[in-house]
$ cat input20.txt   # compact mmCIF, C-alpha atoms and all ligand atoms
# COMPACT_ATOMS: atom_id res chain seq x y z
CA MET A 1 -9.33 22.72 -9.41
CA THR A 2 -10.41 19.28 -10.66
CA ALA A 3 -9.72 16.55 -8.11
CA PRO A 4 -6.70 14.37 -8.89
CA ILE A 5 -7.28 10.81 -10.06
CA LEU A 6 -5.85 7.69 -8.47
CA TYR A 7 -5.82 4.59 -10.68
CA GLY A 8 -5.84 1.13 -9.11
CA VAL A 9 -7.78 -1.30 -6.93
CA PRO A 10 -8.20 -1.10 -3.14
CA PHE A 11 -6.59 -4.51 -2.63
CA SER A 12 -3.24 -3.27 -3.99
CA GLN A 13 -0.83 -2.47 -1.15
CA PRO A 14 0.89 0.53 -2.83
CA VAL A 15 -2.52 1.88 -3.87
CA ARG A 16 -3.66 1.67 -0.25
CA ALA A 17 -0.58 3.61 0.90
CA VAL A 18 -1.39 6.54 -1.42
CA MET A 19 -5.11 6.43 -0.57
CA TRP A 20 -4.29 6.44 3.12
CA LEU A 21 -2.15 9.56 2.82
CA MET A 22 -4.92 11.37 0.92
CA PHE A 23 -7.60 10.30 3.42
CA TYR A 24 -5.35 11.25 6.32
CA LYS A 25 -4.82 14.72 4.86
CA GLN A 26 -8.44 14.90 3.66
CA LEU A 27 -7.47 15.61 0.08
CA PRO A 28 -10.41 14.85 -2.22
CA PHE A 29 -9.55 12.57 -5.14
CA GLU A 30 -11.30 10.42 -7.71
CA MET A 31 -10.65 6.70 -7.70
CA VAL A 32 -10.64 4.94 -11.08
CA LEU A 33 -10.61 1.14 -11.16
CA ILE A 34 -7.60 -0.39 -12.92
CA ASN A 35 -7.01 -4.13 -12.55
CA PRO A 36 -3.34 -5.12 -12.21
CA GLY A 37 -1.97 -7.50 -14.83
CA SER A 38 -5.04 -7.41 -17.08
CA SER A 39 -4.87 -6.25 -20.69
CA GLY A 40 -8.64 -5.68 -20.79
CA GLU A 41 -10.22 -2.27 -21.09
CA THR A 42 -9.74 -1.51 -17.38
CA GLY A 43 -6.44 -3.34 -17.06
CA SER A 44 -2.95 -2.11 -16.18
CA ARG A 45 -1.62 -3.81 -19.33
CA ASN A 46 -4.07 -2.08 -21.63
CA PRO A 47 -2.35 0.30 -24.12
CA ALA A 48 -4.45 3.24 -22.85
CA TYR A 49 -3.10 2.73 -19.32
CA LEU A 50 0.43 1.93 -20.50
CA ALA A 51 0.44 5.31 -22.23
CA LYS A 52 0.10 6.84 -18.75
CA ASN A 53 2.30 4.42 -16.81
CA PRO A 54 4.64 2.48 -19.12
CA GLY A 55 5.59 0.13 -16.26
CA GLY A 56 1.99 -1.17 -16.23
CA THR A 57 1.70 -1.07 -12.44
CA ILE A 58 -0.79 0.48 -10.06
CA PRO A 59 -1.03 3.01 -8.52
CA CYS A 60 -0.82 5.82 -11.00
CA PHE A 61 -1.77 9.39 -10.21
CA GLU A 62 -3.03 12.10 -12.55
CA GLU A 63 -3.84 15.79 -12.25
CA PRO A 64 -6.45 16.43 -14.95
CA ASP A 65 -5.95 20.21 -14.88
CA THR A 66 -2.34 19.99 -16.04
CA GLY A 67 -2.18 16.46 -17.46
CA PHE A 68 0.62 15.66 -15.01
CA VAL A 69 0.95 11.90 -14.47
CA LEU A 70 3.05 10.05 -11.92
CA GLY A 71 3.62 6.37 -11.16
CA GLU A 72 5.17 4.60 -8.13
CA ALA A 73 3.44 4.91 -4.77
CA HIS A 74 6.37 6.45 -2.94
CA ALA A 75 7.05 9.02 -5.66
CA ILE A 76 3.36 9.98 -5.52
CA MET A 77 3.38 10.29 -1.72
CA CYS A 78 6.54 12.42 -1.73
CA TYR A 79 5.15 14.61 -4.52
CA LEU A 80 1.83 15.19 -2.71
CA SER A 81 3.59 15.95 0.57
CA ARG A 82 5.92 18.47 -1.07
CA LYS A 83 3.14 20.03 -3.15
CA HIS A 84 0.82 20.56 -0.17
CA ASP A 85 3.62 21.22 2.31
CA TRP A 86 2.52 18.34 4.55
CA GLN A 87 5.43 18.74 6.93
CA ASP A 88 3.96 16.50 9.61
CA VAL A 89 4.18 13.41 7.41
CA TYR A 90 7.27 14.45 5.38
CA PRO A 91 9.24 17.06 7.37
CA GLU A 92 11.32 19.63 5.55
CA ASP A 93 14.27 19.08 7.87
CA LEU A 94 16.93 17.61 5.57
CA GLN A 95 17.94 14.73 7.81
CA GLN A 96 14.42 13.81 8.92
CA ARG A 97 13.31 13.72 5.28
CA ALA A 98 16.37 11.71 4.30
CA ARG A 99 15.55 9.13 6.98
CA ILE A 100 12.05 8.77 5.57
CA ASP A 101 13.49 8.40 2.07
CA TRP A 102 15.89 5.78 3.48
CA TYR A 103 12.94 3.66 4.59
CA LEU A 104 11.04 4.21 1.34
CA HIS A 105 14.00 2.89 -0.69
CA PHE A 106 14.65 0.03 1.73
CA HIS A 107 11.01 -1.04 1.46
CA HIS A 108 11.06 -2.29 -2.14
CA ARG A 109 13.47 -5.17 -1.56
CA SER A 110 12.37 -5.99 1.97
CA LEU A 111 8.87 -5.51 3.42
CA ARG A 112 7.37 -5.55 -0.06
CA ASP A 113 8.13 -9.26 -0.05
CA ALA A 114 5.27 -9.76 2.40
CA SER A 115 3.04 -9.58 -0.65
CA THR A 116 5.29 -11.68 -2.88
CA GLY A 117 5.69 -14.44 -0.33
CA LEU A 118 2.38 -14.60 1.46
CA VAL A 119 -0.44 -12.68 -0.18
CA ALA A 120 0.08 -12.76 -3.95
CA PRO A 121 0.42 -16.58 -4.06
CA ARG A 122 -3.11 -16.79 -2.58
CA ILE A 123 -4.65 -13.83 -4.41
CA ARG A 124 -2.85 -13.48 -7.74
CA LYS A 125 -2.93 -17.03 -9.09
CA ASP A 126 -2.28 -15.56 -12.54
CA LEU A 127 1.27 -14.65 -11.42
CA ASP A 128 2.07 -18.33 -10.76
CA ILE A 129 4.77 -17.47 -8.23
CA ALA A 130 7.25 -20.36 -7.90
CA GLU A 131 7.61 -22.08 -4.52
CA VAL A 132 11.28 -21.10 -4.30
CA THR A 133 10.42 -17.44 -4.92
CA GLN A 134 7.83 -17.61 -2.14
CA GLN A 135 10.36 -19.13 0.27
CA ASN A 136 12.99 -16.51 -0.60
CA ALA A 137 10.42 -13.75 -0.13
CA LEU A 138 9.49 -15.14 3.26
CA ALA A 139 13.14 -15.18 4.34
CA THR A 140 13.57 -11.59 3.13
CA LEU A 141 10.43 -10.53 4.99
CA THR A 142 11.62 -12.13 8.24
CA ARG A 143 15.02 -10.40 7.96
CA ALA A 144 13.24 -7.08 7.30
CA LEU A 145 10.96 -7.56 10.32
CA GLU A 146 14.04 -8.22 12.45
CA ALA A 147 15.49 -4.93 11.18
CA LEU A 148 12.29 -3.12 12.16
CA GLU A 149 12.15 -4.85 15.53
CA THR A 150 15.73 -4.22 16.62
CA GLY A 151 16.41 -1.03 14.66
CA TRP A 152 13.72 1.22 13.28
CA LEU A 153 11.14 0.56 16.00
CA ALA A 154 13.37 -0.26 18.96
CA ASN A 155 13.69 3.32 20.19
CA SER A 156 10.89 5.28 18.61
CA ARG A 157 7.15 5.05 18.41
CA PHE A 158 7.02 5.30 14.61
CA LEU A 159 9.61 4.44 11.97
CA VAL A 160 11.12 7.93 11.95
CA GLY A 161 10.53 9.54 15.34
CA ASP A 162 7.38 10.01 17.37
CA GLN A 163 5.15 11.27 14.56
CA VAL A 164 3.53 9.13 11.91
CA THR A 165 5.07 9.75 8.46
CA ILE A 166 4.60 8.43 4.95
CA ALA A 167 7.22 5.77 5.76
CA ASP A 168 4.83 4.22 8.30
CA MET A 169 1.94 4.15 5.84
CA ALA A 170 4.14 2.53 3.18
CA ALA A 171 5.37 -0.11 5.61
CA TYR A 172 2.04 -0.87 7.26
CA VAL A 173 0.13 -1.62 4.06
CA GLU A 174 2.51 -4.53 3.52
CA ILE A 175 2.78 -6.12 6.94
CA GLY A 176 -0.47 -4.85 8.43
CA GLN A 177 -2.38 -6.92 5.89
CA LEU A 178 -0.92 -10.13 7.36
CA GLN A 179 -2.44 -9.63 10.84
CA PRO A 180 -5.08 -11.96 12.31
CA GLN A 181 -7.85 -9.39 11.81
CA PHE A 182 -7.12 -9.36 8.07
CA THR A 183 -5.57 -12.17 6.00
CA ASN A 184 -4.09 -13.94 9.06
CA VAL A 185 -1.12 -15.44 7.25
CA TYR A 186 1.85 -14.56 9.49
CA ASP A 187 2.76 -15.08 13.12
CA PHE A 188 4.19 -11.85 14.63
CA GLU A 189 4.75 -13.45 18.05
CA SER A 190 8.52 -12.81 18.08
CA PHE A 191 8.18 -9.15 17.03
CA PRO A 192 6.69 -7.22 20.00
CA ASN A 193 7.85 -3.79 18.81
CA VAL A 194 6.32 -4.42 15.40
CA ARG A 195 3.07 -5.55 17.05
CA ARG A 196 2.97 -2.45 19.25
CA TRP A 197 3.58 -0.23 16.20
CA MET A 198 0.90 -2.02 14.13
CA ALA A 199 -1.60 -1.48 16.95
CA ASP A 200 -0.71 2.24 16.94
CA MET A 201 -1.11 2.39 13.17
CA THR A 202 -4.67 1.05 13.38
CA GLN A 203 -5.53 4.29 15.25
CA ILE A 204 -4.25 6.58 12.49
CA ASP A 205 -7.03 8.38 10.60
CA GLY A 206 -7.88 6.70 7.33
CA HIS A 207 -6.73 3.24 8.46
CA ASP A 208 -10.22 1.76 8.50
CA ASP A 209 -11.25 3.45 5.24
CA VAL A 210 -8.43 1.98 3.20
CA HIS A 211 -8.64 -1.47 4.79
CA VAL A 212 -12.32 -2.12 4.05
CA VAL A 213 -11.30 -4.50 1.26
CA LEU A 214 -9.32 -6.66 3.69
CA THR A 215 -12.03 -6.65 6.33
CA ASP A 216 -14.48 -7.75 3.67
CA LEU A 217 -12.20 -10.51 2.37
CA GLY A 218 -11.37 -11.81 5.85
CA ASP A 219 -9.04 -14.65 6.85
CA ILE A 220 -7.46 -16.35 3.83
CA SER A 221 -5.08 -18.62 5.75
CA GLU A 222 -7.19 -21.77 5.36
CA GLU A 223 -9.12 -21.15 2.19
CA GLU A 224 -7.88 -19.17 -0.78
CA PRO A 225 -10.49 -16.76 -2.12
CA SER A 226 -11.73 -17.19 -5.68
CA MET A 227 -11.10 -14.51 -8.30
CA ASN A 228 -14.77 -13.64 -8.06
CA THR A 229 -14.60 -13.13 -4.29
CA ILE A 230 -11.57 -10.85 -4.70
CA ARG A 231 -13.23 -8.90 -7.52
CA ASN A 232 -16.35 -8.41 -5.39
CA ALA A 233 -14.30 -7.31 -2.36
CA ASN A 234 -12.52 -4.73 -4.51
CA LYS A 235 -15.83 -3.48 -5.95
CA TYR A 236 -17.43 -3.31 -2.53
CA ALA A 237 -14.44 -1.42 -1.07
CA LEU A 238 -14.48 0.95 -4.03
CA ARG A 239 -18.15 1.77 -3.39
CA VAL A 240 -17.46 2.38 0.30
CA LEU A 241 -14.42 4.52 -0.51
CA LYS A 242 -16.37 6.58 -3.02
CA GLY A 243 -19.02 7.21 -0.37
CA ARG A 244 -16.34 8.39 2.08
CA LEU A 245 -14.64 10.48 -0.58
CA ALA A 246 -17.91 12.29 -1.24
CA SER A 247 -17.87 13.51 2.34
CA LEU A 248 -14.27 14.82 2.33
N1 LIG B 1 6.93 -0.23 -6.82
C1 LIG B 1 5.57 -0.10 -7.26
C2 LIG B 1 4.91 -1.45 -7.15
C3 LIG B 1 3.54 -1.45 -7.79
C4 LIG B 1 3.00 -2.85 -7.97
O1 LIG B 1 3.74 -3.85 -7.96
N2 LIG B 1 1.68 -2.94 -8.14
C5 LIG B 1 1.09 -4.20 -8.48
C6 LIG B 1 -0.25 -4.38 -7.82
S1 LIG B 1 -0.10 -4.44 -6.08
C7 LIG B 1 0.89 -4.20 -9.99
O2 LIG B 1 0.46 -3.21 -10.54
N3 LIG B 1 1.19 -5.29 -10.65
C8 LIG B 1 1.09 -5.32 -12.08
C9 LIG B 1 0.92 -6.70 -12.61
O3 LIG B 1 0.64 -7.61 -11.84
O4 LIG B 1 1.07 -6.87 -13.83
C10 LIG B 1 4.83 0.96 -6.42
O5 LIG B 1 5.14 1.07 -5.23
O6 LIG B 1 3.97 1.66 -6.96
$ encode --input "input20.txt" --output "structure tokens"
Amino acid sequence: MTAPILYGVPFSQPVRAVMWLMFYKQLPFEMVLINPGSSGETGSRNPAYLAKNPGGTIPCFEEPDTGFVLGEAHAIMCYLSRKHDWQDVYPEDLQQRARIDWYLHFHHRSLRDASTGLVAPRIRKDLDIAEVTQQNALATLTRALEALETGWLANSRFLVGDQVTIADMAAYVEIGQLQPQFTNVYDFESFPNVRRWMADMTQIDGHDDVHVVLTDLGDISEEEPSMNTIRNANKYALRVLKGRLASL
């Protein structure tokens, strides 16, 4: 069987979620660099890539043996979990699985705004995100963190019970990136349950592998990185990831 391909860059949050799952389950894959928003040869807006993923977003997943292609991080994670029967991260029990799906749907208009409000304005200058959009995203993020703090994480170790699932990986790649050891652009002081959960997530296999890009980029709270710095961090992380993939 030819290894599946994951298209994207390590800095992308949804790409990291899919990579994390595959590292965690030790599923070998090939990583192909696709730059979000670019129409160049390796860009997500290039016709060759749009033919695979008409939405023009990363990640995109491909199985060369069958030509099967799939976009959307959560769809890819659910597909892989079902295909390989990874019941620990996506249990077959109808209600447990439905609760994970609940979070995965909730995510898109809630925690995802961590990137829109705090990270993309510093990293994706090309998107030119309006100040009002950033403020709205920040308000949405704070409401979502309150929901995690008083609901999802109030009575269980992980988002859905005491086992890590794909819901945790999807959530962490958004808010984990904001922590002091990475971009350092949000104060989690008033969210102790979220902080406790983030600390637990750093111990999950694959965490360090998929976060190399953020460790390399470092704190961006004071000084915004140049496009060149970001490009180099992505390239460096890709080299490291490829090295780790070779040993899977
Ligand atoms: N809902 C999508 C979101 C994917 C997404 O927004 N990816 C960004 C990069 S982090 C992207 O490809 N943006 C395309 C662009 O900027 O044109 C998923 O989870 O896969």
$ closest_residue --input "input20.txt" --among "A:Ala17, A:Val213, A:Leu153, A:Leu118" --to "Arg239 of chain A" --atoms "only C-alpha atoms"
A:Val213
$ axis_aligned_box --input "input20.txt" --around "ligand LIG 1 (chain B)" --padding-each-side "5 Å" --output "AutoDock Vina command-line options"
--center_x 3.3 --center_y -3.0 --center_z -9.5 --size_x 17.2 --size_y 19.3 --size_z 18.6
$ residues_around --input "input20.txt" --residues "segment 80-86 of chain A" --least-positions-apart "4" --cutoff "9 Å" --atoms "only C-alpha atoms" --output "number ranges by chain"
A: 21-22, 25, 75-76, 90-92, 166
$ atom_distance --input "input20.txt" --atom1 "atom CA of Gln163 of chain A" --atom2 "atom CA of Val15 of chain A"
22.1 Å
$ atom_distance --input "input20.txt" --atom1 "atom CA of Pro59 of chain A" --atom2 "atom CA of Pro180 of chain A"
26.0 Å
$ residues_near_ligand --input "input20.txt" --ligand "ligand LIG 1 (chain B)" --cutoff "6 Å" --atoms "only C-alpha atoms and all ligand atoms" --output "MDAnalysis selection string"
chainID A and resid 12:14 36:37 56:59 72:74
$ atom_distance --input "input20.txt" --atom1 "atom CA of Ala170 of chain A" --atom2 "atom CA of Ile100 of chain A"
10.4 Å
$ residues_near_point --input "input20.txt" --point "(12.0, -2.9, 13.6)" --cutoff "12 Å" --atoms "only C-alpha atoms" --output "ChimeraX atom specification"
/A:103,111,141-160,168,171-172,175,188,190-198
$ write_last_selection --input "input20.txt" --atoms "C-alpha atoms" --output "PDB file, in the coordinates of the input"
ATOM      1  CA  TYR A 103      12.940   3.660   4.590  1.00  0.00           C
ATOM      2  CA  LEU A 111       8.870  -5.510   3.420  1.00  0.00           C
ATOM      3  CA  LEU A 141      10.430 -10.530   4.990  1.00  0.00           C
ATOM      4  CA  THR A 142      11.620 -12.130   8.240  1.00  0.00           C
ATOM      5  CA  ARG A 143      15.020 -10.400   7.960  1.00  0.00           C
ATOM      6  CA  ALA A 144      13.240  -7.080   7.300  1.00  0.00           C
ATOM      7  CA  LEU A 145      10.960  -7.560  10.320  1.00  0.00           C
ATOM      8  CA  GLU A 146      14.040  -8.220  12.450  1.00  0.00           C
ATOM      9  CA  ALA A 147      15.490  -4.930  11.180  1.00  0.00           C
ATOM     10  CA  LEU A 148      12.290  -3.120  12.160  1.00  0.00           C
ATOM     11  CA  GLU A 149      12.150  -4.850  15.530  1.00  0.00           C
ATOM     12  CA  THR A 150      15.730  -4.220  16.620  1.00  0.00           C
ATOM     13  CA  GLY A 151      16.410  -1.030  14.660  1.00  0.00           C
ATOM     14  CA  TRP A 152      13.720   1.220  13.280  1.00  0.00           C
ATOM     15  CA  LEU A 153      11.140   0.560  16.000  1.00  0.00           C
ATOM     16  CA  ALA A 154      13.370  -0.260  18.960  1.00  0.00           C
ATOM     17  CA  ASN A 155      13.690   3.320  20.190  1.00  0.00           C
ATOM     18  CA  SER A 156      10.890   5.280  18.610  1.00  0.00           C
ATOM     19  CA  ARG A 157       7.150   5.050  18.410  1.00  0.00           C
ATOM     20  CA  PHE A 158       7.020   5.300  14.610  1.00  0.00           C
ATOM     21  CA  LEU A 159       9.610   4.440  11.970  1.00  0.00           C
ATOM     22  CA  VAL A 160      11.120   7.930  11.950  1.00  0.00           C
ATOM     23  CA  ASP A 168       4.830   4.220   8.300  1.00  0.00           C
ATOM     24  CA  ALA A 171       5.370  -0.110   5.610  1.00  0.00           C
ATOM     25  CA  TYR A 172       2.040  -0.870   7.260  1.00  0.00           C
ATOM     26  CA  ILE A 175       2.780  -6.120   6.940  1.00  0.00           C
ATOM     27  CA  PHE A 188       4.190 -11.850  14.630  1.00  0.00           C
ATOM     28  CA  SER A 190       8.520 -12.810  18.080  1.00  0.00           C
ATOM     29  CA  PHE A 191       8.180  -9.150  17.030  1.00  0.00           C
ATOM     30  CA  PRO A 192       6.690  -7.220  20.000  1.00  0.00           C
ATOM     31  CA  ASN A 193       7.850  -3.790  18.810  1.00  0.00           C
ATOM     32  CA  VAL A 194       6.320  -4.420  15.400  1.00  0.00           C
ATOM     33  CA  ARG A 195       3.070  -5.550  17.050  1.00  0.00           C
ATOM     34  CA  ARG A 196       2.970  -2.450  19.250  1.00  0.00           C
ATOM     35  CA  TRP A 197       3.580  -0.230  16.200  1.00  0.00           C
ATOM     36  CA  MET A 198       0.900  -2.020  14.130  1.00  0.00           C
TER      37      MET A 198
END
$ build_atoms --input "input20.txt" --residues "segment 65-78 of chain A" --atoms "N, CA and C atoms" --output "PDB file, in the frame of the given file"
ATOM      1  N   ASP A  65      -6.099  18.790 -14.489  1.00  0.00           N
ATOM      2  CA  ASP A  65      -5.950  20.210 -14.880  1.00  0.00           C
ATOM      3  C   ASP A  65      -4.679  20.454 -15.701  1.00  0.00           C
ATOM      4  N   THR A  66      -3.621  19.738 -15.349  1.00  0.00           N
ATOM      5  CA  THR A  66      -2.340  19.990 -16.040  1.00  0.00           C
ATOM      6  C   THR A  66      -1.919  18.807 -16.901  1.00  0.00           C
ATOM      7  N   GLY A  67      -2.571  17.656 -16.720  1.00  0.00           N
ATOM      8  CA  GLY A  67      -2.180  16.460 -17.460  1.00  0.00           C
ATOM      9  C   GLY A  67      -0.965  15.768 -16.830  1.00  0.00           C
ATOM     10  N   PHE A  68      -0.540  16.264 -15.677  1.00  0.00           N
ATOM     11  CA  PHE A  68       0.620  15.660 -15.010  1.00  0.00           C
ATOM     12  C   PHE A  68       0.285  14.260 -14.516  1.00  0.00           C
ATOM     13  N   VAL A  69       1.175  13.304 -14.844  1.00  0.00           N
ATOM     14  CA  VAL A  69       0.950  11.900 -14.470  1.00  0.00           C
ATOM     15  C   VAL A  69       2.177  11.382 -13.739  1.00  0.00           C
ATOM     16  N   LEU A  70       1.934  10.568 -12.714  1.00  0.00           N
ATOM     17  CA  LEU A  70       3.050  10.050 -11.920  1.00  0.00           C
ATOM     18  C   LEU A  70       2.759   8.612 -11.493  1.00  0.00           C
ATOM     19  N   GLY A  71       3.748   7.739 -11.649  1.00  0.00           N
ATOM     20  CA  GLY A  71       3.620   6.370 -11.160  1.00  0.00           C
ATOM     21  C   GLY A  71       4.461   6.185  -9.900  1.00  0.00           C
ATOM     22  N   GLU A  72       4.415   4.981  -9.337  1.00  0.00           N
ATOM     23  CA  GLU A  72       5.170   4.600  -8.130  1.00  0.00           C
ATOM     24  C   GLU A  72       4.607   5.261  -6.870  1.00  0.00           C
ATOM     25  N   ALA A  73       4.108   4.425  -5.980  1.00  0.00           N
ATOM     26  CA  ALA A  73       3.440   4.910  -4.770  1.00  0.00           C
ATOM     27  C   ALA A  73       4.290   5.908  -3.980  1.00  0.00           C
ATOM     28  N   HIS A  74       5.563   5.582  -3.795  1.00  0.00           N
ATOM     29  CA  HIS A  74       6.370   6.450  -2.940  1.00  0.00           C
ATOM     30  C   HIS A  74       6.659   7.784  -3.613  1.00  0.00           C
ATOM     31  N   ALA A  75       6.836   7.752  -4.931  1.00  0.00           N
ATOM     32  CA  ALA A  75       7.050   9.020  -5.660  1.00  0.00           C
ATOM     33  C   ALA A  75       5.797   9.884  -5.540  1.00  0.00           C
ATOM     34  N   ILE A  76       4.630   9.237  -5.613  1.00  0.00           N
ATOM     35  CA  ILE A  76       3.360   9.980  -5.520  1.00  0.00           C
ATOM     36  C   ILE A  76       3.209  10.583  -4.111  1.00  0.00           C
ATOM     37  N   MET A  77       3.525   9.794  -3.102  1.00  0.00           N
ATOM     38  CA  MET A  77       3.380  10.290  -1.720  1.00  0.00           C
ATOM     39  C   MET A  77       4.351  11.447  -1.430  1.00  0.00           C
ATOM     40  N   CYS A  78       5.562  11.328  -1.932  1.00  0.00           N
ATOM     41  CA  CYS A  78       6.540  12.420  -1.730  1.00  0.00           C
ATOM     42  C   CYS A  78       6.079  13.673  -2.486  1.00  0.00           C
TER      43      CYS A  78
END
